[in-house]
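Below: protein.csv (CSV, C-alpha atoms)
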chain,number,residue,atom,x,y,z
A,1,MET,CA,80.6,75.8,111.8
A,2,LEU,CA,83.0,74.4,114.4
A,3,ILE,CA,85.2,76.4,116.7
A,4,HIS,CA,88.2,74.9,118.4
A,5,ASN,CA,88.7,77.1,121.6
A,6,HIS,CA,91.9,77.1,123.5
A,7,HIS,CA,93.0,79.7,126.0
A,8,LEU,CA,95.9,80.7,123.7
A,9,PHE,CA,94.2,80.4,120.2
A,10,LYS,CA,91.0,79.8,118.3
A,11,ILE,CA,90.3,78.0,115.0
A,12,TYR,CA,87.2,78.5,113.0
A,13,PHE,CA,86.2,75.7,110.6
A,14,GLY,CA,83.5,77.1,108.4
A,15,ASP,CA,80.9,75.2,106.4
A,16,ALA,CA,78.3,75.8,103.6
A,17,LYS,CA,76.1,77.8,105.9
A,18,ASP,CA,78.6,80.7,105.6
A,19,LYS,CA,77.6,80.9,101.9
A,20,ILE,CA,81.0,82.0,100.7
A,21,TYR,CA,81.7,81.9,96.9
A,22,PRO,CA,84.8,82.8,95.0
A,23,LYS,CA,82.9,85.6,93.1
A,24,ASP,CA,82.2,87.2,96.4
A,25,TYR,CA,85.7,87.6,97.6
A,26,LEU,CA,87.9,87.4,94.5
A,27,ASP,CA,86.1,90.4,93.0
A,28,LEU,CA,86.4,92.4,96.2
A,29,SER,CA,87.2,96.0,95.1
A,30,ALA,CA,90.4,97.7,96.3
A,31,ASP,CA,88.5,100.3,98.3
A,32,LYS,CA,86.3,97.8,100.2
A,33,ALA,CA,87.5,96.3,103.4
A,34,ILE,CA,86.9,92.5,104.0
A,35,PHE,CA,84.9,93.2,107.2
A,36,GLU,CA,82.3,95.0,105.1
A,37,LEU,CA,81.2,91.6,103.7
A,38,ASP,CA,78.6,90.1,106.0
A,39,GLN,CA,80.3,86.7,106.3
A,40,PHE,CA,83.5,88.2,107.5
A,41,ALA,CA,81.9,90.7,109.7
A,42,ALA,CA,80.2,87.8,111.5
A,43,LEU,CA,83.6,86.0,111.7
A,44,LYS,CA,85.2,89.2,113.2
A,45,LYS,CA,82.6,89.2,116.0
A,46,VAL,CA,82.9,85.4,116.7
A,47,MET,CA,86.7,85.4,116.7
A,48,GLN,CA,87.2,88.9,118.2
A,49,LEU,CA,89.6,89.9,115.4
A,50,ASP,CA,91.4,93.1,114.9
A,51,ALA,CA,92.5,92.1,111.4
A,52,LEU,CA,92.0,89.2,108.9
A,53,VAL,CA,94.3,88.1,106.1
A,54,PHE,CA,93.8,85.8,103.2
A,55,LEU,CA,96.1,85.2,100.2
A,56,HIS,CA,95.3,84.5,96.6
A,57,GLN,CA,95.9,80.7,96.7
A,58,VAL,CA,97.8,79.2,93.7
A,59,HIS,CA,98.4,75.6,94.8
A,60,GLY,CA,102.0,76.3,95.5
A,61,ALA,CA,104.2,76.1,98.6
A,62,GLU,CA,105.1,79.7,99.3
A,63,GLY,CA,103.6,82.0,101.9
A,64,LEU,CA,103.8,85.0,104.1
A,65,VAL,CA,104.8,85.8,107.7
A,66,ILE,CA,102.8,88.6,109.5
A,67,ASP,CA,104.6,90.0,112.5
A,68,SER,CA,102.7,93.2,113.2
A,69,LEU,CA,99.1,94.4,113.3
A,70,GLU,CA,100.0,97.3,111.1
A,71,GLN,CA,101.3,94.9,108.4
A,72,ALA,CA,98.1,92.8,108.7
A,73,LYS,CA,95.8,95.8,108.3
A,74,LYS,CA,97.7,97.1,105.2
A,75,LEU,CA,97.5,93.8,103.3
A,76,LYS,CA,94.7,93.7,100.7
A,77,CYS,CA,93.0,90.3,101.1
A,78,PHE,CA,93.2,87.8,98.2
A,79,MET,CA,95.6,90.0,96.3
A,80,GLN,CA,99.1,88.6,97.2
A,81,GLU,CA,99.8,85.0,96.0
A,82,GLY,CA,100.6,82.3,98.5
A,83,ASP,CA,99.3,79.2,100.2
A,84,PHE,CA,100.4,79.6,103.8
A,85,LEU,CA,100.2,82.3,106.4
A,86,ILE,CA,102.1,82.6,109.8
A,87,THR,CA,101.7,85.1,112.6
A,88,ASN,CA,102.7,85.8,116.1
A,89,VAL,CA,100.3,88.7,116.5
A,90,LYS,CA,97.3,88.3,118.7
A,91,ARG,CA,93.8,88.9,117.3
A,92,VAL,CA,95.0,88.7,113.7
A,93,GLY,CA,93.1,86.0,111.8
A,94,VAL,CA,95.0,84.1,109.2
A,95,GLY,CA,92.8,82.1,106.8
A,96,ILE,CA,92.5,79.9,103.8
A,97,MET,CA,89.6,78.8,101.5
A,98,THR,CA,89.0,75.2,100.6
A,99,ALA,CA,86.4,73.0,98.9
A,100,ASP,CA,88.2,69.6,99.0
A,101,CYS,CA,91.8,70.7,99.6
A,102,LEU,CA,93.1,70.1,103.1
A,103,PRO,CA,93.3,73.0,105.5
A,104,VAL,CA,96.1,72.6,108.0
A,105,VAL,CA,96.5,74.7,111.2
A,106,LEU,CA,99.8,74.6,113.1
A,107,PHE,CA,100.3,76.1,116.6
A,108,ASP,CA,103.6,76.6,118.3
A,109,LYS,CA,102.8,76.5,122.0
A,110,ARG,CA,106.2,77.6,123.3
A,111,ASN,CA,106.6,80.7,121.1
A,112,GLN,CA,102.8,81.3,120.6
A,113,VAL,CA,102.9,81.3,116.8
A,114,ILE,CA,100.0,80.1,114.6
A,115,ALA,CA,99.9,79.2,110.9
A,116,VAL,CA,97.5,78.0,108.2
A,117,ALA,CA,98.4,76.0,105.1
A,118,HIS,CA,96.3,75.2,102.0
A,119,ALA,CA,97.3,71.6,101.2
A,120,GLY,CA,95.6,70.4,98.1
A,121,TRP,CA,97.3,67.5,96.3
A,122,ARG,CA,99.5,69.8,94.2
A,123,SER,CA,100.7,71.8,97.3
A,124,SER,CA,101.0,68.5,99.3
A,125,VAL,CA,103.4,67.0,96.6
A,126,LYS,CA,105.4,70.3,97.0
A,127,GLN,CA,105.4,69.6,100.8
A,128,ILE,CA,103.7,72.8,101.8
A,129,VAL,CA,103.2,71.8,105.4
A,130,SER,CA,106.9,71.0,105.8
A,131,LYS,CA,107.8,74.3,104.2
A,132,THR,CA,105.4,76.1,106.5
A,133,ILE,CA,107.2,74.5,109.5
A,134,ASP,CA,110.6,75.5,107.9
A,135,GLN,CA,109.5,79.1,107.8
A,136,MET,CA,108.2,79.0,111.4
A,137,GLN,CA,111.6,77.6,112.5
A,138,LYS,CA,113.4,80.4,110.6
A,139,SER,CA,111.2,83.2,111.8
A,140,PHE,CA,110.3,82.1,115.3
A,141,ASN,CA,112.7,79.2,116.3
A,142,THR,CA,109.8,76.8,116.4
A,143,ARG,CA,110.6,73.3,117.6
A,144,LEU,CA,108.9,70.2,116.3
A,145,GLU,CA,108.1,69.0,119.7
A,146,ASP,CA,106.1,72.2,120.5
A,147,LEU,CA,103.7,71.9,117.5
A,148,LYS,CA,100.1,71.0,117.7
A,149,ILE,CA,98.5,70.4,114.3
A,150,PHE,CA,94.9,70.4,113.2
A,151,PHE,CA,93.4,69.1,109.9
A,152,GLY,CA,90.1,70.6,108.8
A,153,PRO,CA,87.5,69.2,106.3
A,154,SER,CA,88.8,67.8,103.0
A,155,ALA,CA,88.2,65.1,100.4
A,156,LYS,CA,89.1,61.8,101.9
A,157,LEU,CA,90.0,58.3,100.8
A,158,CYS,CA,86.3,57.2,100.7
A,159,CYS,CA,85.5,59.6,97.9
A,160,TYR,CA,88.8,60.9,96.4
A,161,LYS,CA,88.9,59.0,93.1
A,162,VAL,CA,91.8,59.9,90.8
A,163,ALA,CA,93.0,59.2,87.3
A,164,ASP,CA,95.3,56.3,86.6
A,165,ASP,CA,98.3,58.6,85.9
A,166,PHE,CA,97.8,60.5,89.2
A,167,ILE,CA,100.2,58.2,90.9
A,168,GLU,CA,103.1,59.5,88.7
A,169,HIS,CA,103.1,62.7,90.8
A,170,PHE,CA,103.9,60.7,94.0
A,171,GLU,CA,106.5,58.1,92.9
A,172,GLU,CA,109.3,59.7,94.9
A,173,PHE,CA,107.5,59.0,98.2
A,174,GLU,CA,108.2,55.7,99.8
A,175,PHE,CA,104.9,55.5,101.7
A,176,LEU,CA,102.9,55.7,98.5
A,177,ASP,CA,101.1,52.4,99.2
A,178,ARG,CA,99.7,53.9,102.5
A,179,VAL,CA,97.9,56.7,100.6
A,180,ILE,CA,96.7,55.0,97.4
A,181,GLN,CA,93.9,52.4,97.3
A,182,ARG,CA,93.0,50.4,94.2
A,183,ARG,CA,89.4,49.4,93.9
A,184,SER,CA,87.4,47.7,91.2
A,185,ASP,CA,86.2,51.1,89.9
A,186,GLY,CA,89.5,52.9,90.0
A,187,ILE,CA,92.2,54.5,92.2
A,188,TYR,CA,91.5,56.5,95.4
A,189,PHE,CA,93.8,58.9,97.2
A,190,ASP,CA,94.1,59.6,100.9
A,191,LEU,CA,95.1,63.3,101.0
A,192,PRO,CA,95.0,63.6,104.9
A,193,MET,CA,97.1,60.5,105.4
A,194,PHE,CA,99.6,61.7,102.8
A,195,ASN,CA,100.2,64.8,104.9
A,196,VAL,CA,100.2,62.7,108.1
A,197,ALA,CA,103.0,60.6,106.6
A,198,LEU,CA,105.0,63.7,105.6
A,199,LEU,CA,104.7,65.0,109.1
A,200,GLU,CA,105.8,61.7,110.6
A,201,GLU,CA,108.8,61.7,108.4
A,202,LEU,CA,109.7,65.1,109.8
A,203,GLY,CA,109.5,63.7,113.3
A,204,ILE,CA,106.1,64.9,114.3
A,205,LYS,CA,104.4,62.4,116.7
A,206,LYS,CA,101.0,61.1,115.6
A,207,GLY,CA,99.5,62.3,118.9
A,208,ALA,CA,100.3,65.9,117.9
A,209,ILE,CA,98.0,65.7,114.9
A,210,ASN,CA,94.3,66.3,115.6
A,211,LEU,CA,92.0,64.8,113.0
A,212,ASN,CA,88.8,65.4,114.8
A,213,TYR,CA,87.7,68.1,112.4
A,214,ASN,CA,88.7,66.3,109.2
A,215,ASP,CA,85.3,65.4,107.8
A,216,CYS,CA,85.0,64.4,104.2
A,217,THR,CA,83.8,67.3,102.1
A,218,VAL,CA,82.5,65.1,99.3
A,219,CYS,CA,80.4,62.9,101.7
A,220,ASN,CA,79.0,65.7,103.9
A,221,PRO,CA,76.3,67.8,102.3
A,222,LEU,CA,76.8,70.5,105.0
A,223,LEU,CA,80.2,71.2,103.4
A,224,PHE,CA,81.2,72.6,100.0
A,225,SER,CA,82.9,70.2,97.6
A,226,TYR,CA,84.3,71.1,94.2
A,227,ARG,CA,84.4,67.4,93.3
A,228,ARG,CA,80.7,67.1,94.0
A,229,ALA,CA,79.4,70.5,92.7
A,230,GLY,CA,82.0,71.7,90.2
A,231,GLU,CA,82.2,75.4,89.4
A,232,GLU,CA,79.0,76.0,91.4
A,233,SER,CA,80.8,75.1,94.6
A,234,GLY,CA,81.4,77.6,97.4
A,235,ARG,CA,84.3,77.5,99.8
A,236,GLN,CA,84.8,76.7,103.5
A,237,MET,CA,87.0,79.2,105.3
A,238,THR,CA,89.4,78.0,108.0
A,239,VAL,CA,90.6,80.9,110.1
A,240,ALA,CA,93.0,80.7,113.1
A,241,CYS,CA,94.1,83.4,115.5
A,242,LEU,CA,96.1,83.9,118.7
A,243,THR,CA,94.0,85.2,121.6
Starting from the file, lay out its structure as structure tokens.
Amino acid sequence: MLIHNHHLFKIYFGDAKDKIYPKDYLDLSADKAIFELDQFAALKKVMQLDALVFLHQVHGAEGLVIDSLEQAKKLKCFMQEGDFLITNVKRVGVGIMTADCLPVVLFDKRNQVIAVAHAGWRSSVKQIVSKTIDQMQKSFNTRLEDLKIFFGPSAKLCCYKVADDFIEHFEEFEFLDRVIQRRSDGIYFDLPMFNVALLEELGIKKGAINLNYNDCTVCNPLLFSYRRAGEESGRQMTVACLT
């Protein structure tokens, strides 16, 4: 567990110690609140949350804006499909689950808006982070120069081996050579750098992107990794909130 503390917001980067598995939360009954589960009750205390929202992630590029505490409390976690969440409501946690995909947190310091995006390779090709920013601009007049962006743990270039035809999904991107590495044993993909390159194309300065929390999930045994453990893998939760 790592927590990024700022006087305006907090980010919780979970790890395998949280012991969160899809069967625990995807089978959450309609009459059971998320804070009744021990892992999320502990998170509520650590983050001082009034509400917590997760979507049912589908590797797409759609999401949801939460603009009231009432709305957040009414939403049933993991039921509504989407891969990004945005809020301007204090003490409302917005979260995603990952086990090799890239969790991205975006903070608008001028308008005090925070967002999380689930950027696996499929969502990244669909430019989910760009679309999250688009929605922040539409809903809250977010300016690019006011954004601070944080990458959480994900599979990285060192371990992200892909099939030969994987490159076909990325042929439209001019910076392909920056994110693909050919080695004697195959092709490797740099998921974090792909998203950095997309952000730079938008006009985000590299100094606005914090990579300090972007450990490799495949390398690090303290993190869950689907590529390493398959169906047995748990999930890391990344949760952000305004304070």
task = Could you jot down the atom CA of Gln57 of chain A to atom CA of Gln112 of chain A separation for me, Å, one decimal place?
result =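 About the pair atom CA of Gln57 of chain A and atom CA of Gln112 of chain A: they are 24.9 Å apart.
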task = Pick out the closest residue to Lys10 of chain A from this set: A:Pro192, A:Gly93, A:Pro22, A:Gly63. Count only C-alpha atoms.
result =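 Nearest candidate to Lys10 of chain A out of A:Pro192, A:Gly93, A:Pro22, A:Gly63: A:Gly93.
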inquiry  = Can you pull out the residues contacting Val105 of chain A? Cut-off 7 Å, using all atoms listed in the file, and skip same-chain residues under 3 positions away; I want them as a list of chain:residue names.
reply    = A:Ala115, A:Val116, A:Ala117, A:Ile149, A:Phe150, A:Phe151
request  = Could you please determine the separation between atom CA of Cys159 of chain A and atom CA of Thr98 of chain A in Å, to one decimal place?
outcome  =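 Atom-to-atom, atom CA of Cys159 of chain A and atom CA of Thr98 of chain A are spaced 16.2 Å apart.
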key: Counting all atoms listed in the file, the residue of A:Val179, A:Leu64, A:Glu70, A:Asp190 that sits nearest Ser139 of chain A   =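 Ranking A:Val179, A:Leu64, A:Glu70, A:Asp190 by distance to Ser139 of chain A, first place goes to A:Leu64.
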key: Contacts of segment 119-134 of chain A within 7 Å, only C-alpha atoms, excl. fewer than 3 positions in-chain, as a VMD selection string   = chain A and resid 59 to 61 84 101 to 104 137 to 138 170 191 195
query = Which distance in Å separates atom CA of Gly230 of chain A and atom CA of Ala155 of chain A, to one decimal?
reply = 13.6 Å
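With distances restricted to all atoms listed in the file, A:Met79 is the closest residue to Leu28 of chain A from A:Met47, A:Ile3, A:Leu52, A:Met79.
Each of A:Gln181, A:Thr238, A:Asn111, A:Ser225 was compared to Glu145 of chain A using all atoms listed in the file, and A:Asn111 turns out to be the nearest.
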request  = Check the smallest atom-to-atom distance from each of A:Ala51, A:Val92, A:Leu223, A:Val196 to Gln236 of chain A using only C-alpha atoms, then report the winner.
outcome  =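 Using only C-alpha atoms, the shortest distance to Gln236 of chain A belongs to A:Leu223.
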request  = Have a look at A:Lys109, A:Lys44, A:Arg182, A:His169 and name the one nearest to Asp146 of chain A; count all atoms listed in the file.
outcome  = A:Lys109
